[in-house]
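Shown below: coords.cif, with mmCIF, C-alpha atoms.
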```cif
data_protein
#
loop_
_atom_site.label_atom_id
_atom_site.label_comp_id
_atom_site.auth_asym_id
_atom_site.auth_seq_id
_atom_site.Cartn_x
_atom_site.Cartn_y
_atom_site.Cartn_z
CA MET A 1 2.65 -0.58 -7.95
CA HIS A 2 3.74 -0.20 -11.55
CA TYR A 3 2.95 2.89 -13.59
CA LYS A 4 2.32 0.60 -16.55
CA LEU A 5 1.55 -3.10 -16.84
CA THR A 6 4.03 -5.28 -18.69
CA ILE A 7 2.92 -7.63 -21.48
CA PRO A 8 3.14 -10.73 -19.22
CA GLU A 9 1.12 -8.92 -16.53
CA ARG A 10 -1.58 -7.97 -19.04
CA LEU A 11 -1.84 -11.56 -20.25
CA GLN A 12 -2.01 -12.90 -16.69
CA ASP A 13 -4.69 -10.39 -15.67
CA LEU A 14 -6.86 -11.14 -18.71
CA ARG A 15 -6.65 -14.89 -18.13
CA LYS A 16 -7.38 -14.62 -14.39
CA GLU A 17 -10.34 -12.29 -15.02
CA ARG A 18 -11.92 -15.19 -16.90
CA HIS A 19 -10.83 -17.76 -14.27
CA LEU A 20 -8.95 -19.80 -16.85
CA THR A 21 -6.03 -22.14 -16.29
CA LEU A 22 -3.25 -22.25 -18.86
CA GLU A 23 -4.49 -25.68 -19.93
CA ARG A 24 -8.02 -24.42 -20.49
CA LEU A 25 -6.75 -21.33 -22.34
CA ALA A 26 -4.67 -23.55 -24.61
CA GLU A 27 -7.75 -25.62 -25.46
CA GLN A 28 -9.82 -22.56 -26.34
CA THR A 29 -7.19 -20.67 -28.36
CA GLY A 30 -5.28 -23.50 -30.02
CA LEU A 31 -1.98 -22.15 -28.66
CA SER A 32 0.25 -24.54 -26.74
CA ARG A 33 0.21 -24.54 -22.97
CA SER A 34 4.01 -24.20 -22.79
CA ALA A 35 3.99 -21.18 -25.12
CA LEU A 36 1.22 -19.49 -23.11
CA GLY A 37 3.18 -20.09 -19.91
CA LYS A 38 6.27 -18.50 -21.45
CA TYR A 39 4.28 -15.48 -22.64
CA GLU A 40 3.23 -14.82 -19.03
CA SER A 41 6.69 -15.27 -17.52
CA ASP A 42 8.57 -12.16 -16.41
CA ASP A 43 11.64 -12.70 -18.56
CA TYR A 44 9.86 -13.60 -21.82
CA LYS A 45 9.43 -10.88 -24.44
CA ASP A 46 9.29 -12.64 -27.83
CA ILE A 47 5.61 -13.22 -28.69
CA SER A 48 4.67 -14.01 -32.28
CA PRO A 49 2.25 -11.73 -34.17
CA PHE A 50 -0.04 -14.75 -34.63
CA ALA A 51 -0.21 -15.31 -30.87
CA ILE A 52 -0.89 -11.61 -30.22
CA ALA A 53 -3.70 -11.56 -32.79
CA THR A 54 -5.19 -14.81 -31.46
CA LEU A 55 -5.15 -13.70 -27.82
CA ALA A 56 -6.44 -10.20 -28.63
CA GLU A 57 -9.41 -11.68 -30.48
CA PHE A 58 -10.06 -14.24 -27.75
CA TYR A 59 -9.99 -11.66 -24.93
CA GLY A 60 -11.84 -9.02 -26.93
CA VAL A 61 -9.10 -6.39 -26.63
CA SER A 62 -6.89 -4.62 -29.13
CA ALA A 63 -3.47 -5.87 -30.11
CA ASP A 64 -2.15 -2.45 -29.03
CA TYR A 65 -3.37 -3.14 -25.50
CA LEU A 66 -1.64 -6.52 -25.34
CA MET A 67 1.59 -4.95 -26.65
CA GLY A 68 1.46 -2.18 -24.04
CA LEU A 69 0.87 0.61 -26.56
CA THR A 70 -2.38 1.72 -24.92
CA GLU A 71 -4.06 1.35 -21.54
CA ASN A 72 -7.55 1.03 -23.05
CA LYS A 73 -8.92 -2.49 -23.36
CA ASN A 74 -12.44 -1.71 -24.53
CA HIS A 75 -12.39 1.91 -25.73
CA PRO A 76 -9.29 2.30 -27.91
CA ASN A 77 -10.72 5.02 -30.17
CA THR A 78 -12.62 7.21 -27.72
CA GLU A 79 -12.45 10.86 -28.77
CA LEU A 80 -10.71 13.16 -26.34
CA GLN A 81 -13.53 15.68 -26.58
CA ALA A 82 -16.02 13.11 -25.31
CA LEU A 83 -14.08 12.79 -22.05
CA HIS A 84 -14.58 16.49 -21.18
CA LEU A 85 -11.04 16.85 -19.93
CA SER A 86 -9.41 20.25 -19.57
CA ASP A 87 -6.15 21.04 -21.35
CA ASP A 88 -4.36 20.99 -18.00
CA MET A 89 -5.69 17.50 -17.26
CA VAL A 90 -4.68 16.17 -20.67
CA GLU A 91 -1.23 17.65 -20.21
CA LEU A 92 -0.93 16.11 -16.74
CA LEU A 93 -2.02 12.66 -17.91
CA SER A 94 0.45 12.83 -20.80
CA SER A 95 3.37 14.03 -18.69
CA ASN A 96 4.15 10.80 -16.78
CA ARG A 97 4.42 12.90 -13.62
CA ILE A 98 1.72 10.88 -11.88
CA ASN A 99 0.71 7.23 -11.81
CA ASN A 100 -2.19 7.21 -14.28
CA ARG A 101 -2.98 3.59 -13.52
CA LEU A 102 -3.42 4.36 -9.81
CA LEU A 103 -5.55 7.38 -10.70
CA CYS A 104 -7.81 5.14 -12.80
CA GLU A 105 -8.17 2.65 -9.93
CA LEU A 106 -9.08 5.50 -7.61
CA ALA A 107 -11.71 6.94 -9.98
CA THR A 108 -13.29 3.56 -10.82
CA HIS A 109 -13.55 2.38 -7.20
CA PRO A 110 -17.22 1.85 -6.17
CA GLY A 111 -16.86 4.42 -3.38
CA PHE A 112 -15.44 7.18 -5.57
CA GLN A 113 -18.85 8.46 -6.70
CA ARG A 114 -19.86 8.98 -3.06
CA PHE A 115 -16.57 10.81 -2.44
CA MET A 116 -17.20 13.11 -5.41
CA THR A 117 -20.79 13.75 -4.30
CA ASP A 118 -19.71 14.67 -0.78
CA MET A 119 -16.92 16.88 -2.13
CA GLU A 120 -19.35 18.67 -4.47
CA ILE A 121 -21.73 19.33 -1.57
CA PHE A 122 -18.87 20.87 0.41
CA ILE A 123 -17.36 22.90 -2.45
CA ASP A 124 -20.70 24.30 -3.63
CA ARG A 125 -21.76 25.02 -0.02
CA ILE A 126 -25.02 23.15 -0.62
CA ALA A 127 -25.38 22.14 3.04
CA ASP A 128 -24.29 25.49 4.48
CA MET A 129 -27.80 26.80 5.03
CA ARG A 130 -29.01 23.62 6.72
CA VAL A 131 -26.04 23.52 9.07
CA GLU A 132 -26.33 27.21 9.93
CA GLN A 133 -30.07 26.88 10.64
CA MET A 134 -29.47 23.93 12.94
CA ASN A 135 -26.72 25.82 14.77
CA LEU A 136 -28.95 28.89 15.16
CA VAL A 137 -31.72 26.81 16.72
CA LEU A 138 -29.30 25.20 19.18
CA GLU A 139 -27.66 28.51 20.05
CA ALA A 140 -31.04 30.20 20.58
CA ALA A 141 -32.03 27.42 22.97
CA ARG A 142 -28.71 27.73 24.80
CA GLN A 143 -29.07 31.49 25.20
CA THR A 144 -32.59 31.03 26.54
CA VAL A 145 -31.32 28.55 29.15
CA LEU A 146 -28.48 30.90 30.12
CA ASP A 147 -30.81 33.91 30.44
CA LYS A 148 -33.57 32.11 32.33
CA TYR A 149 -31.64 29.79 34.64
CA ALA A 150 -28.10 31.22 34.67
CA PRO A 151 -26.36 27.83 34.96
CA GLY A 152 -22.61 27.59 35.36
CA GLU A 153 -20.20 27.16 32.47
CA ASP A 154 -20.00 23.42 33.11
CA ASP A 155 -23.75 22.81 33.24
CA LEU A 156 -24.55 19.58 31.39
CA TYR A 157 -27.49 20.86 29.32
CA ALA A 158 -25.98 24.22 28.40
CA ARG A 159 -22.73 22.55 27.38
CA THR A 160 -24.62 19.92 25.34
CA LEU A 161 -26.40 22.66 23.39
CA GLU A 162 -23.04 24.29 22.71
CA LEU A 163 -21.23 21.14 21.59
CA GLY A 164 -24.20 20.07 19.47
CA GLN A 165 -23.47 22.90 17.07
CA VAL A 166 -21.62 21.51 14.05
CA GLN A 167 -18.85 23.35 12.27
CA GLU A 168 -19.26 22.63 8.57
CA ASN A 169 -15.52 22.48 7.85
CA ASP A 170 -14.95 19.95 10.62
CA PHE A 171 -17.94 17.83 9.58
CA PHE A 172 -17.02 17.61 5.90
CA SER A 173 -13.34 17.13 6.64
CA TYR A 174 -14.35 14.03 8.58
CA VAL A 175 -16.78 12.81 5.91
CA LEU A 176 -14.31 13.27 3.03
CA HIS A 177 -11.54 11.71 5.08
CA GLU A 178 -13.66 8.62 5.72
CA ASP A 179 -14.66 8.34 2.05
CA LEU A 180 -11.09 8.54 0.80
CA ASP A 181 -9.65 6.30 3.53
CA SER A 182 -11.99 3.48 2.56
CA ILE A 183 -11.02 3.71 -1.12
CA VAL A 184 -7.28 3.85 -0.47
CA ARG A 185 -7.39 0.91 1.94
CA ASP A 186 -9.18 -1.23 -0.66
CA ILE A 187 -6.67 -0.35 -3.40
CA ARG A 188 -3.79 -0.96 -1.01
CA GLU A 189 -5.13 -4.42 -0.18
CA ALA A 190 -5.63 -5.23 -3.87
CA HIS A 191 -1.93 -4.61 -4.49
CA ARG A 192 -0.66 -6.55 -1.49
CA LYS A 193 0.77 -9.33 -3.68
CA ASP A 194 2.35 -7.08 -6.32
CA ARG A 195 6.04 -7.62 -6.93
CA THR A 196 6.67 -3.93 -6.28
CA THR A 197 4.85 -3.99 -2.93
CA ALA A 198 7.14 -4.19 0.08
CA ASP A 199 7.06 -7.46 1.97
CA ALA A 200 5.57 -7.52 5.44
CA GLN A 201 8.24 -6.64 7.98
CA PRO A 202 8.95 -8.97 10.90
CA SER A 203 7.50 -7.94 14.23
CA LEU A 204 9.56 -7.55 17.38
CA GLU A 205 8.17 -10.88 18.59
CA ASP A 206 9.26 -12.59 15.36
CA VAL A 207 12.81 -11.27 15.71
CA LYS A 208 12.93 -12.13 19.40
CA GLY A 209 11.69 -15.67 18.71
CA LYS A 210 14.30 -16.25 16.01
CA PHE A 211 17.01 -14.83 18.22
CA GLU A 212 16.09 -17.05 21.15
CA GLN A 213 15.88 -20.05 18.83
CA ALA A 214 19.43 -19.38 17.66
CA VAL A 215 20.57 -19.12 21.28
CA GLY A 216 18.89 -22.41 22.10
CA GLN A 217 20.71 -24.09 19.24
CA GLY A 218 24.04 -22.99 20.69
CA SER A 219 24.94 -20.50 17.95
CA ASN A 220 27.99 -18.34 18.57
CA LEU A 221 27.67 -14.61 19.10
CA GLU A 222 28.57 -13.61 15.57
CA MET A 223 25.91 -15.90 14.17
CA LEU A 224 23.38 -14.44 16.58
CA ILE A 225 24.19 -10.92 15.50
CA GLN A 226 24.04 -11.88 11.83
CA GLU A 227 20.63 -13.51 12.35
CA PHE A 228 19.40 -10.39 14.12
CA CYS A 229 20.64 -8.17 11.29
CA ASP A 230 19.04 -10.37 8.64
CA LYS A 231 15.65 -10.13 10.26
CA LEU A 232 15.83 -6.34 10.56
CA GLN A 233 17.34 -5.99 7.06
CA ILE A 234 20.55 -4.46 8.41
CA PRO A 235 23.55 -5.12 6.07
CA PHE A 236 25.73 -7.23 8.34
CA GLU A 237 28.84 -6.67 6.23
CA LYS A 238 28.54 -2.89 6.68
CA ILE A 239 28.71 -2.99 10.48
CA SER A 240 31.97 -1.45 11.63
CA SER A 241 34.25 -3.12 14.17
CA GLU A 242 33.31 -0.45 16.71
CA ASP A 243 29.60 -1.09 16.23
CA PHE A 244 30.15 -4.84 16.42
CA SER A 245 32.03 -4.43 19.70
CA ALA A 246 29.21 -2.26 21.03
CA PHE A 247 26.73 -4.96 20.02
CA LEU A 248 28.77 -7.52 21.95
CA ARG A 249 28.71 -5.32 25.03
CA ILE A 250 24.92 -5.08 24.78
CA LEU A 251 24.61 -8.84 24.41
CA SER A 252 26.76 -9.31 27.48
CA LEU A 253 23.87 -7.85 29.50
CA SER A 254 21.50 -10.59 28.31
CA ARG A 255 20.29 -13.05 30.91
CA ILE A 256 19.81 -15.63 28.16
CA LEU A 257 23.40 -15.45 26.95
CA LYS A 258 24.71 -15.65 30.52
CA ASN A 259 22.90 -18.94 31.00
CA PRO A 260 25.64 -21.61 31.21
CA ASN A 261 23.37 -24.15 29.55
CA ASN A 262 23.30 -22.00 26.43
CA MET A 263 26.82 -20.65 26.06
CA ARG A 264 29.11 -22.73 28.33
CA GLY A 265 32.39 -23.39 26.65
CA ARG A 266 31.54 -21.34 23.56
CA ALA A 267 34.48 -19.48 22.14
CA LYS A 268 34.06 -15.80 21.44
CA PRO A 269 34.19 -14.95 17.73
CA GLN A 270 36.13 -11.68 17.98
CA PRO A 271 39.39 -12.91 16.42
CA HIS A 272 37.64 -14.32 13.34
CA TYR A 273 35.46 -11.24 12.99
CA ALA A 274 38.28 -8.77 13.56
CA SER A 275 40.50 -10.41 10.93
CA ARG A 276 37.70 -10.20 8.40
CA ARG A 277 37.08 -6.52 9.25
CA LYS A 278 40.73 -5.70 8.60
CA LYS A 279 40.53 -7.22 5.13
CA GLN A 280 37.42 -5.21 4.30
CA ARG A 281 39.08 -1.98 5.32
#
```

Mind turning this structure into structure tokens?
Amino acid sequence: MHYKLTIPERLQDLRKERHLTLERLAEQTGLSRSALGKYESDDYKDISPFAIATLAEFYGVSADYLMGLTENKNHPNTELQALHLSDDMVELLSSNRINNRLLCELATHPGFQRFMTDMEIFIDRIADMRVEQMNLVLEAARQTVLDKYAPGEDDLYARTLELGQVQENDFFSYVLHEDLDSIVRDIREAHRKDRTTADAQPSLEDVKGKFEQAVGQGSNLEMLIQEFCDKLQIPFEKISSEDFSAFLRILSLSRILKNPNNMRGRAKPQPHYASRRKKQR
């Protein structure tokens, strides 16, 4: 995800938040539909001051926000003192060393307040006494059973009383882990369609299906290898002659490629490939 939204991205987000089409936005602002479309395109940077002022007023944000000069849509003049941030935090946020936008998404997620509450309980040791009391009761019961009945180490009831004792560090590590996992998964899903998010990679079954399809169409070996490389994002042109020959030897073990219905009479591509390799070197 981006550290900072571009002007087109800001305009798109504001319009989509209000569930407006470009046509509807044009009707409500008096700006042309074609101009609005250009403002939201990735390669368009020239927006007139009149359009900026009109859109800022319509969306209820500052012109500075639309121009990318601030990240605050609704609180452009909030005093720093009112935020109760330490000097170290202000310095960190101003340093560009972290993704402030991602940090804001994390802190404003609905589950973040629960995460902070659970972390405060752990840090301030608020639950320590309760956990220790519960463990003492269970351990006292276990010792009584051991003294009175002398069961073996693997006795079901004695072992249950032992395992029922909760270690605070383990418990809160699990709780905090679950809180944070849920938040991160939601943010990750929200950015699935971002331009900077990696595309879903093909599965082994996808690659295998494409490969077998190419075989069924009677493709020659070089085309098969190139198709395989494309699907796995391997630069085909960077494969050395030695690696290509090794690939051919591996393919020679294939039962599919040995099928006469698939490859009968097909010429091997080595001469064409070899000549091209010599030119590259």

**Study point:** Residue among A:Leu136, A:Asp64, A:Asn169, A:Ile7 lying closest to Ile47 of chain A, counting all atoms listed in the file
**Key:**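 Among the listed residues, A:Ile7 lies closest to Ile47 of chain A.
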
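The space between atom CA of Leu92 of chain A and atom CA of Val61 of chain A spans 25.9 Å.
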
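Of the listed residues A:Leu146, A:Leu11, A:Lys4, A:Glu57, the one whose atoms come nearest to Asp42 of chain A is A:Leu11, with distances taken using all atoms listed in the file.
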
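Each of A:Met129, A:Leu31, A:Ile183, A:Ala140 was compared to Glu168 of chain A using all atoms listed in the file, and A:Met129 turns out to be the nearest.
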
Point to revise | Å distance separating atom CA of Leu248 of chain A from atom CA of Ile225 of chain A, one decimal place | key: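 Separating atom CA of Leu248 of chain A from atom CA of Ile225 of chain A is a distance of 8.6 Å.
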
Exercise for review: Run through the PyMOL selection byres ((chain A and resi 180) around 12) on the given coordinates and return the selected residues as a list in words.
Suggested key: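 Applying the expression gives Leu106, Ala107, His109, Pro110, Gly111, Phe112, Gln113, Arg114, Phe115, Met116, Asp118, Met119, Phe172, Ser173, Tyr174, Val175, Leu176, His177, Glu178, Asp179, Asp181, Ser182, Ile183, Val184, Arg185, Asp186 and Ile187 of chain A.
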
Exercise for review: Please write as a ChimeraX atom specification the full residue list that the PyMOL selection byres ((chain A and resi 36) around 12) yields on this file.
Suggested key: /A:8,11-12,15,20-35,37-41,44-48,51-52,54-55

Revision key, fill the gap. Separating atom CA of Ser245 of chain A from atom CA of Gln233 of chain A, to the nearest tenth of an Å, is a gap of 19.4 Å

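With distances restricted to only C-alpha atoms, A:Asp194 is the closest residue to Leu5 of chain A from A:Glu79, A:Asp128, A:Asp194, A:Asp147.
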